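Right, one structure below, let's go through it.
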Amino acid sequence: MKINREAFDMDFTTEGRPETRCLLLSFLLLSVWGTGSGQLHYSVPEEAKHGTFVGRIAQDLGLELAELVPRLFRVASKERGDLLEVNVQNGILFVNSRIDREELCGRSAECGIHLEVIVDRPLQVFHVEVEVRDINDNPPVFPVKEQTILIYESRLPDSVFPLEVAIDADVGSNSVLTYKLVASEYFGLDVKTNSDGNKQIGLVLRKSLDREDAPEHNLLLRATDGGKPELTGSVQLRVTVLDVNDNAPTFQQSEYEVRILENSDIGTTVIRLNASDPDEGMNGVISYSFSNFIPPMIIDHFNIDSSTGEIIIQRNLDFEEVNLYKIRVDATDKGHPPMEGHCTVLVKVLDENDNVPQIAFTSLSLPVLEDAQVDTVIALISVSDRDSGENGQVTCSLTPHVPFRLVSTFKNYYSLVLDSALDRETTPGYEVVVTARDGGAPALWATASVSVEVADVNDNAPAFAQAEYTVFVKENNPPGAHIFTVSATDADAQENARVTYSLVERRVGERALSSYVSVHAQSGRVHALQPLDHEELELLRFQVSARDAGEPALGGQVTLQVFVLDDNDNAPALLGPEAGVQAAGVSQLLWRSVGAGHVVTKVRAVDADSGYNAWLSYELQPEAGGARSPFRVGLYTGEISTTRALDEADAPRQRLLVLVKDHGEPALTATATVLLSLVDSGQAPKAPSRSRALVDAAGREASLLDVNVYLIVAICAVSSLLVLTLLLYVALRCSAASPTEGACGPGKPVLVCSSAVGSWSYSQQRRHRVCSGEGPPKADLMAFSPGLTPCQVQSDIGNHQELNEDRHSSKQDHFPLPIHNNGQHIRTGMKE
C-alpha cells in the first residue's frame, strides 16, 4: 500500500470547493486502508525542506489525535531518527531535517526509511515505510578532470580507445547519461551498453593520424543526465599520437564473470586471464595490471600476477560488506610504444552462513505487577541476521516453563507477552531466555536474556498465628507494664508488608478501652496503662487490629482475653450491727442472767478479694493477765456467744477484741472491738436512742468502767443529740450547694462479698463530707446509714432479725464504742 504525497506539504491547501477537498481526503484514506492491514507506505522527495508534509500518519493508523500524548505516541527508526518527525498535535508526519538519498542509500535502486510507531496503553507497534524519491541533484562527474589517451599513428580508422565513463550519484532516469564529443574530424564517440546495464564509451578513430602533422589532439567530452532539468559534466581528452607498434593485446572476452564464496582462503585464484598480441618480439610480450582508475578497495582485496594474468584473493571477502567487485584489467605489450588491451572482470561474492542472529530488546515494561492480565505486553523484541536467503531467516523461541510467550507482530519483530497469572509470593522473578536460530546449514543461534521482576500487589492481609490469645496478669501491676506482644505476618513485600497495630476501641463499662491498655503501633507490644484491679475487672476482652500499608490497606484482627488474677490487697472490712453500715466496733447490753451458749452479737466482716484471699476466720484475743473469758467467737461465723452462765464475779464492762483474718499470702487482718455492758435483771436502764456517733480513743474505756450505767446512758444521749444536730446542719448546707457529685455527694455503691465459707453480706456505703464556707470541705466526720440490698443472703437476714428481736425484748440499745481497724483508731470530727 503506497501513498503519493508529492502534492502535499505542511501548508496543505486545495484549490476549489470544500467538497473537492473532502473527496480528495476520502480517496487518500481509501488508498491507505483499502488494501488491507499491511504496513503504511509514504513517499517523499529527497532534499525536501524542513516541515514538508509526508502524511497524516495518526489518521491513517486509525488513532485519535486526543490520545497521542496520553498514549505516549512516538516514532523510532533504525536509520537516522531525526530525518522525519510527527507533530503530536495534528498527527502529521513531516520532514525534520535534510534527506540526502545518495547519502542514505547510495546507488541502491530502492531507498526507504523504516519507521516504528509505538503507542502505549495498550502497547501497539505500527510499521511505516517512507520511500525517498530521487531528484536530479547530482551532475555527472568524471573520475579525472583530464584524460590522456595514447594512440599509435599506425592505428587504423574505426579503432576504439576506451574512455572513463562519468558517474552520476542519482538513480533511475536521473542517472541515465548521454555522451557527446565536441566536433572533431579525426575522432568520434562509441557508446555501448554492457550486460549489467552500464554504458561503456570509447573514442573512435575516424581518420588515420599523422603524428608529424598533429602529434596531439585536445578534445572535450560532455556527459548529460536524463533528469529535469538536465545536468552536465565534462572532461578534457588529451590524445597523444604515438608511433610504431600498431597491434594491441586483445582478450577473448571484453567481460568475465566469476562467482566465489565469501570467506574463501587467502591466495585462492579468482580467474586466470589470457590476452593475445599478434605482434612479434617484445611487442607481443604482454604484462597484466589493474587499471589505474580502479578504487583502492579492489587493490586491497585482490592481486594480479603481471606475467600470468592470475587474479588471487589477498584479503577476506565478506558478502555482507560488498557482494560485487568490478575489476578493470589492462594487458600491455612491451613494444615501443606499448599497446594495451582491456577487459572487465565481475567478481560476485556468494553468501555463507557466517553471521549469528542478533537479538535486541526494546520498550521493556518492567517490573510486571503480579495482578497483570494475561496477554500484557512485557517487551518488544527484534531479531536480525546479516546473511541472506535461508541463512538470514530467523525463528525465535523461549525457555520452557515460564509464564510468557512470544507473539510475532511483524517480520523479525516479536512481542513478549504474559501467558498465565503471576504470583510474587510464589515466584518473585523470572530469567527469560530468548533463542534466535537461523535457517542455515549448519544453523547458527544466539540467546539473550531479560530479568522479569514481579512487582508486589497488596493481595495478602496481615495474619496472626492464632485467632485468640489468653493472657494472665496479676492485679496491681505497675502502670505501663508489658503484658503481651501480638505479632502478625504479611506475605507481601515492602510497604505492603509493613504492619501497624491498633486497638479496636470499645467501651468497658463507663470507660474507654484505651484507658486500660495500649498497643505499640510498630512492635505490637500491649501495655497496661494503669494498675488493674481484680475486684473491679476480672476479665478484659478486646481486639487488636493489624493493618498493612498497602493501597488499599488490608487488615486482620486478633482477640485477647486478659484475666486479672487476684492479689491479697484488701484487708477484711468490718460491718456494724446494722446491715450495710461499715464499722470496726460493736457495743451491746447483756443481761447477767443469760445462760451458756447465748449468742450475744455477731461480728460481720467482708473481704473485697476472692478465693482464699477472701476466706475469713475469726478468733478472740486473749485477755490481759491470761484470765479466761466467758465468751467465745465462731471461727467462720463471727458469732460471739457465752461459754458459761455469767455471775457477779464478772466485770460489768467486758471489752472483747476479735481478730478477723483472711487466708491470703501474706494474711491481712482487722480487729473489731466489742464492748459488753452487763446489766442485772432488776435494773431498768433507760436505753438511749440508737447512736450513730463514733467515739474517739479506746483510752476512755478504762475511765468509764467504774462509772454508773446511768451516767453512761446520759452521756450517750447528749452525744446523740449533738450528732443529729451536726447531721442536720450538713444536710442543709449540702442541699443548698450543687447537687452534682463532689465534695458533698454520696460515694458509689460497692458490692462486697465475704467468703463462701463464712457469712455473705452486701453493704451500701455512703460517705458524707462536711462542707463549710470558710475553707475546703472536711472529711473528719463519717456517718454510716443502713441499707439493705435485694441480694442480701437469707442467713444474714435471719441473724439480723434474731438480734433485733433480742434487743427489743431486752429493751437494750447499742452504746457508741471506740472503733479499731488493724490497730488504728478512727476518730470522729467532734471535740470532747
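Every chain in the C-alpha cells takes a letter, A first, then B, and so on in the order presented; its residues are numbered from 1, and the ligands are numbered from 1 following the presented order.
Excluding Asp196 (chain A) and any residue on its chain fewer than 4 positions from it, the residues at most 12 Å away by only C-alpha atoms are Lys192, Gln200, Glu255, Tyr256, Glu257, Leu324, Lys326, Thr344 and Leu346 of chain A.
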Those residues you just picked out, can you put them in a file as an mmCIF file, in the first residue's frame with N, CA, C and O atoms?
```cif
data_model
loop_
_atom_site.group_PDB
_atom_site.id
_atom_site.type_symbol
_atom_site.label_atom_id
_atom_site.label_comp_id
_atom_site.auth_asym_id
_atom_site.auth_seq_id
_atom_site.Cartn_x
_atom_site.Cartn_y
_atom_site.Cartn_z
ATOM 1 N N LYS A 192 28.391 1.956 -25.851
ATOM 2 C CA LYS A 192 27.803 0.624 -25.774
ATOM 3 C C LYS A 192 27.216 0.397 -24.366
ATOM 4 O O LYS A 192 27.657 1.000 -23.396
ATOM 5 N N GLN A 200 29.444 1.786 -21.709
ATOM 6 C CA GLN A 200 30.883 1.803 -21.938
ATOM 7 C C GLN A 200 31.146 2.672 -23.168
ATOM 8 O O GLN A 200 30.528 2.475 -24.215
ATOM 9 N N GLU A 255 34.377 -8.987 -21.181
ATOM 10 C CA GLU A 255 33.892 -9.034 -19.796
ATOM 11 C C GLU A 255 33.838 -10.477 -19.326
ATOM 12 O O GLU A 255 33.340 -11.351 -20.030
ATOM 13 N N TYR A 256 34.379 -10.703 -18.102
ATOM 14 C CA TYR A 256 34.360 -12.029 -17.489
ATOM 15 C C TYR A 256 33.551 -11.956 -16.191
ATOM 16 O O TYR A 256 33.603 -10.973 -15.458
ATOM 17 N N GLU A 257 32.819 -13.006 -15.905
ATOM 18 C CA GLU A 257 32.045 -13.071 -14.653
ATOM 19 C C GLU A 257 32.488 -14.278 -13.852
ATOM 20 O O GLU A 257 32.520 -15.404 -14.369
ATOM 21 N N LEU A 324 29.766 -7.539 -4.787
ATOM 22 C CA LEU A 324 30.142 -7.478 -6.208
ATOM 23 C C LEU A 324 31.353 -6.566 -6.370
ATOM 24 O O LEU A 324 31.361 -5.434 -5.854
ATOM 25 N N LYS A 326 33.939 -5.001 -9.392
ATOM 26 C CA LYS A 326 34.127 -4.750 -10.834
ATOM 27 C C LYS A 326 35.579 -4.342 -11.046
ATOM 28 O O LYS A 326 36.000 -3.249 -10.639
ATOM 29 N N THR A 344 37.010 -6.452 -18.479
ATOM 30 C CA THR A 344 36.395 -6.230 -17.159
ATOM 31 C C THR A 344 36.073 -7.582 -16.535
ATOM 32 O O THR A 344 35.488 -8.452 -17.186
ATOM 33 N N LEU A 346 33.988 -9.245 -13.471
ATOM 34 C CA LEU A 346 32.953 -9.073 -12.454
ATOM 35 C C LEU A 346 33.044 -10.233 -11.468
ATOM 36 O O LEU A 346 32.795 -11.388 -11.832
#
```
Next item on the list: Within 12 Å of Ser408 (chain A), counting only C-alpha atoms, which residues show up once you throw out same-chain ones fewer than 6 positions away? Write them as a list in words, please.
Entry: Val125, Leu380, Ile381, Ser382, Val383, Val394, Thr395, Cys396, Ser397, Tyr414, Ser415, Leu416 and Val417 of chain A
Check: Hey, what's within 10 Å of region 399-401 of chain A if we count only C-alpha atoms and toss same-chain stuff fewer than 6 positions away? As a list in words, please?
Finding: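 Selected residues are Glu431, Val432, Val433, Val434, Thr435 and Ser449 of chain A.
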Next item on the list: Would you kindly return, as number ranges by chain, each protein, DNA or RNA residue with an atom no farther than 12 Å from any atom of Asp647 (chain A), considering only C-alpha atoms and excluding same-chain residues fewer than 6 positions away?
Entry: A: 591-596, 630, 678-681
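The coordinates place CA of Leu575 (chain A) at 24.1 Å from CA of Ala731 (chain A).
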Next item on the list: Determine, counting only C-alpha atoms, which protein, DNA and RNA residues have an atom within 9 Å of an atom of Ser175 (chain A); residues of the same chain fewer than 2 positions away are not included. Present the result as a PyMOL selection string.
Entry: chain A and resi 136+138-140+167-173+177+225-227
Item checked: Proximity to Ser234 (chain A) - best of A:Ala553, A:Ala166, A:Ile378, A:Ile271, only C-alpha atoms ->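 That would be A:Ala166, the residue with the smallest distance to Ser234 (chain A).
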Next item on the list: Excluding Thr426 (chain A) and any residue of its chain fewer than 5 positions from it, enumerate the residues within 12 Å of it, using only C-alpha atoms, and give them as an MDAnalysis selection string.
Entry: chainID A and resid 370 421 454 456 491:492
Item checked: Spatial neighbours of Ile327 (chain A), 8 Å, only C-alpha atoms, chain gap at least 2 places, as a ChimeraX atom specification -> /A:290-291,294,298,325,329,344-347
Checklist line | Shortest interatomic distance to Leu659 (chain A) - which of A:Trp615, A:Leu574, A:Ile286, A:Glu64, counting only C-alpha atoms | finding: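 Of all the options, A:Leu574 lies closest to Leu659 (chain A).
Between Cys716 (chain A) and the candidates A:Leu616, A:Pro357, A:Ser264, A:Ser587, the tightest atom-to-atom separation, counting only C-alpha atoms, involves A:Ser587.
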Checklist line | d(CA of Leu503 (chain A), CA of Glu535 (chain A)) in Å | finding: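 So the answer is 24.1 Å.
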Next item on the list: Write down as JSON, numbers by chain the residues of region 31-254 of chain A whose backbone DSSP state falls under strand (DSSP E or B).
Entry: {"A": [40, 41, 42, 43, 44, 45, 53, 54, 55, 74, 75, 76, 77, 84, 85, 86, 87, 92, 93, 94, 95, 112, 113, 114, 115, 116, 117, 118, 119, 124, 125, 126, 127, 128, 129, 130, 131, 132, 133, 141, 146, 147, 148, 149, 150, 151, 152, 160, 161, 162, 163, 167, 177, 178, 179, 180, 181, 187, 188, 189, 190, 191, 192, 193, 199, 200, 201, 202, 203, 204, 205, 216, 217, 218, 219, 220, 221, 222, 223, 224, 225, 232, 233, 234, 235, 236, 237, 238, 239, 240, 241, 242, 250, 251]}
Check: CA of Leu261 (chain A) to CA of Arg328 (chain A): how many Å, to one decimal?
Finding: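 Those two atoms sit 20.8 Å apart.
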Check: Looking at A:Asn477, A:Asn391, A:Asn263, A:Asn245, which one is nearest to Asn353 (chain A), with distances taken over only C-alpha atoms?
Finding: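 Going through A:Asn477, A:Asn391, A:Asn263, A:Asn245 one by one, the smallest distance to Asn353 (chain A) is for A:Asn391.
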